[in-house]
Amino acid sequence: MPAYEKIGVQRDDQFIQINTSVLQIENEYYSAVRPKRTADSGEKPIQALEARGVEYIEVRCLDLDPFSPEGVNAAQIDFLDLFLLDCLLTDSPRIGDDECERLDDNYKDVVAQGRNRELNLCQGGARKPVGDAATALFEQLEPLAELLDSWTGAETYRKALAEQRGKMPELGGWSVPSARVVDAMRESGLGHREWVMEQSRQHQQTLREEGLSPEMQASFEAMTEQSLADQARMEDVDQPPFGVFLDQYLKA
C-alpha cells in the first residue's frame, strides 16, 4: 500500500508498523460477526482457523445496556442465543457484492435512524418499513422459541422474544434502548455525558453492595496468581529481539 510504504516500518530503530499493508494482522479485519479460533503462541489467527476450523464466533457491534449494572441482562442473552441459533439453522445461500452492499446500507440506516418509524429497509429487492421487518423476524423466531422451551418445560425463550417484541410501536410503545436513554435524559435534565456518569456511579454502587460470592472471589484470586506466575515464567525465558521475532512471525 503506497501510503503505508511511505510511512515505513521503522523510524529511528523503533518499529512503528508491523508491515506496510492496510491491515497489520488478521484481527484488524472488523465485521459484525467474525469466526474465531484460539491460536497457539506465535500462531497467526488465519493459520489457527485453517488448521483446526472455527471454534466460536465473535459477535461484535452489540451496545452495552446502560440500564443494567452488568451491561446485559438474562433476557437479552436468551434472545441473542435464539437469534444466532436461527441464523445457524436457516438456509443462507451465498450473496453477491450488490446484496452485501444493501445489507451494509440497512445496518448503517438502522444505526443512524433506527427510531424513525418511517425508515424503510431493503429486503429481497423491495423496500419494507423497519417495524414490518422486525415483526417478520419475531414471527420467524416463534417456532424455534417454542421448540427450545418444550425441551425444558420453561418459557425462557418465549419470554425473551416477547420482551423484544414489546418494544415495537404497534404494541403500544417504541421502547428501544436508545429511546429509553433519550427519555431518561430529558426527565433528569442531564446531558448525555452527565447522565451516563450518573448511571455508572449507580451501577458501581449496586455491584459493590452485592459483592462477590466467596467461591467467585477465590476463583478470581486464583486466576490472578496464575496470570502473574505465567508472566514471570515468560519473562524468565530468553526472547529474540523484536525485529527477529517479527521476521519469523511474518514468514510463518
# chains A, B, ... in the order shown; residues from 1 in each chain; ligands from 1
$ residues_around --residues "segment 137-147 of chain A" --least-positions-apart "4" --cutoff "8 Å" --atoms "only C-alpha atoms" --output "PDB file with N, CA and C atoms, in the first residue's frame"
ATOM      1  N   LEU A  82     -31.246 -17.191  20.845  1.00  0.00           N
ATOM      2  CA  LEU A  82     -32.330 -17.586  19.943  1.00  0.00           C
ATOM      3  C   LEU A  82     -32.060 -17.091  18.525  1.00  0.00           C
ATOM      4  N   PHE A  83     -31.678 -15.842  18.408  1.00  0.00           N
ATOM      5  CA  PHE A  83     -31.429 -15.243  17.097  1.00  0.00           C
ATOM      6  C   PHE A  83     -30.259 -15.926  16.383  1.00  0.00           C
ATOM      7  N   ASP A  86     -31.126 -19.380  15.177  1.00  0.00           N
ATOM      8  CA  ASP A  86     -31.940 -19.294  13.973  1.00  0.00           C
ATOM      9  C   ASP A  86     -31.065 -19.005  12.749  1.00  0.00           C
ATOM     10  N   ALA A 133     -40.220  -5.281   9.153  1.00  0.00           N
ATOM     11  CA  ALA A 133     -39.082  -6.201   9.082  1.00  0.00           C
ATOM     12  C   ALA A 133     -38.835  -6.849  10.444  1.00  0.00           C
ATOM     13  N   TRP A 151     -38.306 -28.377  25.403  1.00  0.00           N
ATOM     14  CA  TRP A 151     -37.323 -29.330  25.907  1.00  0.00           C
ATOM     15  C   TRP A 151     -37.076 -29.170  27.401  1.00  0.00           C
ATOM     16  N   TYR A 157     -37.241 -18.735  26.363  1.00  0.00           N
ATOM     17  CA  TYR A 157     -37.045 -18.098  25.058  1.00  0.00           C
ATOM     18  C   TYR A 157     -38.301 -17.378  24.583  1.00  0.00           C
ATOM     19  N   ARG A 158     -39.460 -17.880  24.950  1.00  0.00           N
ATOM     20  CA  ARG A 158     -40.678 -17.169  24.578  1.00  0.00           C
ATOM     21  C   ARG A 158     -40.770 -15.839  25.316  1.00  0.00           C
ATOM     22  N   LEU A 161     -38.291 -13.453  23.699  1.00  0.00           N
ATOM     23  CA  LEU A 161     -38.834 -12.974  22.432  1.00  0.00           C
ATOM     24  C   LEU A 161     -39.931 -11.950  22.667  1.00  0.00           C
ATOM     25  N   ARG A 165     -40.236  -8.084  21.369  1.00  0.00           N
ATOM     26  CA  ARG A 165     -41.395  -7.728  20.557  1.00  0.00           C
ATOM     27  C   ARG A 165     -42.170  -6.577  21.209  1.00  0.00           C
TER      28      ARG A 165
END
$ closest_atom_pairs --of "segment 143-228 of chain A" --to "segment 73-79 of chain A" --cutoff "8 Å" --atoms "only C-alpha atoms" --output "CSV"
residue,atom,partner,partner_atom,distance
A:Thr156,CA,A:Asp78,CA,7.3
A:Tyr157,CA,A:Asp78,CA,6.2
A:Lys159,CA,A:Ala75,CA,7.5
A:Ala160,CA,A:Ala75,CA,4.8
A:Leu161,CA,A:Phe79,CA,6.1
A:Glu163,CA,A:Ala75,CA,7.6
A:Gln164,CA,A:Phe79,CA,7.9
$ residues_around --residues "Pro35 of chain A" --least-positions-apart "2" --cutoff "12 Å" --atoms "only C-alpha atoms" --output "ChimeraX atom specification"
/A:26-27,29-33,37-38,45-46,48-50,52-60
$ write_last_selection --atoms "N, CA and C atoms" --output "compact mmCIF listing (two decimals), in the first residue's frame"
# COMPACT_ATOMS: atom_id res chain seq x y z
N GLU A 26 -4.55 -10.13 10.98
CA GLU A 26 -5.91 -10.51 10.62
C GLU A 26 -6.95 -9.99 11.59
N ASN A 27 -6.58 -9.88 12.85
CA ASN A 27 -7.55 -9.45 13.87
C ASN A 27 -8.03 -8.01 13.66
N TYR A 29 -9.28 -7.03 10.91
CA TYR A 29 -10.39 -7.08 9.96
C TYR A 29 -11.68 -7.15 10.76
N TYR A 30 -12.37 -6.03 10.86
CA TYR A 30 -13.56 -5.94 11.70
C TYR A 30 -14.82 -6.18 10.88
N SER A 31 -15.73 -6.91 11.47
CA SER A 31 -17.04 -7.13 10.87
C SER A 31 -18.02 -7.39 12.00
N ALA A 32 -19.31 -7.44 11.69
CA ALA A 32 -20.32 -7.62 12.73
C ALA A 32 -20.15 -8.96 13.44
N VAL A 33 -19.76 -9.99 12.68
CA VAL A 33 -19.54 -11.32 13.23
C VAL A 33 -18.25 -11.87 12.63
N ARG A 37 -10.85 -18.77 16.46
CA ARG A 37 -10.23 -19.98 16.95
C ARG A 37 -9.08 -19.57 17.85
N THR A 38 -8.98 -20.17 19.03
CA THR A 38 -7.89 -19.86 19.93
C THR A 38 -6.57 -20.26 19.29
N PRO A 45 -3.83 -15.92 13.53
CA PRO A 45 -5.25 -16.29 13.61
C PRO A 45 -5.73 -17.08 12.40
N ILE A 46 -5.31 -16.68 11.20
CA ILE A 46 -5.77 -17.37 10.00
C ILE A 46 -5.20 -18.79 9.93
N ALA A 48 -4.60 -20.69 12.58
CA ALA A 48 -5.37 -21.47 13.53
C ALA A 48 -6.71 -21.89 12.93
N LEU A 49 -7.36 -20.98 12.21
CA LEU A 49 -8.64 -21.31 11.57
C LEU A 49 -8.46 -22.36 10.49
N GLU A 50 -7.43 -22.21 9.67
CA GLU A 50 -7.20 -23.16 8.59
C GLU A 50 -6.85 -24.55 9.13
N ARG A 52 -7.51 -25.85 12.33
CA ARG A 52 -8.42 -26.53 13.26
C ARG A 52 -9.87 -26.07 13.15
N GLY A 53 -10.17 -25.21 12.20
CA GLY A 53 -11.57 -24.82 11.98
C GLY A 53 -12.06 -23.77 12.95
N VAL A 54 -13.33 -23.42 12.80
CA VAL A 54 -13.95 -22.39 13.64
C VAL A 54 -14.29 -22.97 15.01
N GLU A 55 -13.80 -22.34 16.05
CA GLU A 55 -14.06 -22.77 17.42
C GLU A 55 -15.28 -22.06 17.98
N TYR A 56 -15.42 -20.78 17.68
CA TYR A 56 -16.56 -20.00 18.13
C TYR A 56 -16.69 -18.78 17.23
N ILE A 57 -17.79 -18.08 17.34
CA ILE A 57 -17.95 -16.84 16.59
C ILE A 57 -17.97 -15.67 17.55
N GLU A 58 -17.40 -14.58 17.11
CA GLU A 58 -17.35 -13.35 17.90
C GLU A 58 -18.41 -12.40 17.35
N VAL A 59 -19.40 -12.09 18.17
CA VAL A 59 -20.48 -11.19 17.76
C VAL A 59 -20.13 -9.80 18.24
N ARG A 60 -19.93 -8.91 17.29
CA ARG A 60 -19.48 -7.57 17.61
C ARG A 60 -20.62 -6.56 17.44
$ select_by_dssp --residues "segment 4-251 of chain A" --states "alpha helix (DSSP H)" --output "count of residues only"
142
$ select_by_dssp --residues "segment 16-228 of chain A" --states "strand (DSSP E or B)" --output "PyMOL selection string"
chain A and resi 33-36+56-59+120-123+126-129
$ atom_distance --atom1 "atom CA of Asp183 of chain A" --atom2 "atom CA of Val196 of chain A"
13.1 Å
$ residues_around --residues "segment 206-216 of chain A" --least-positions-apart "3" --cutoff "12 Å" --atoms "only C-alpha atoms" --output "PyMOL selection string"
chain A and resi 67-71+199-203+219-223
$ atom_distance --atom1 "atom CA of Met168 of chain A" --atom2 "atom CA of Glu155 of chain A"
20.6 Å
$ closest_residue --among "A:Leu84, A:Leu23, A:Ala126, A:Leu119" --to "Arg102 of chain A" --atoms "only C-alpha atoms"
A:Ala126
$ closest_residue --among "A:Leu228, A:Gln14, A:Pro177, A:Val130" --to "Pro241 of chain A" --atoms "only C-alpha atoms"
A:Gln14
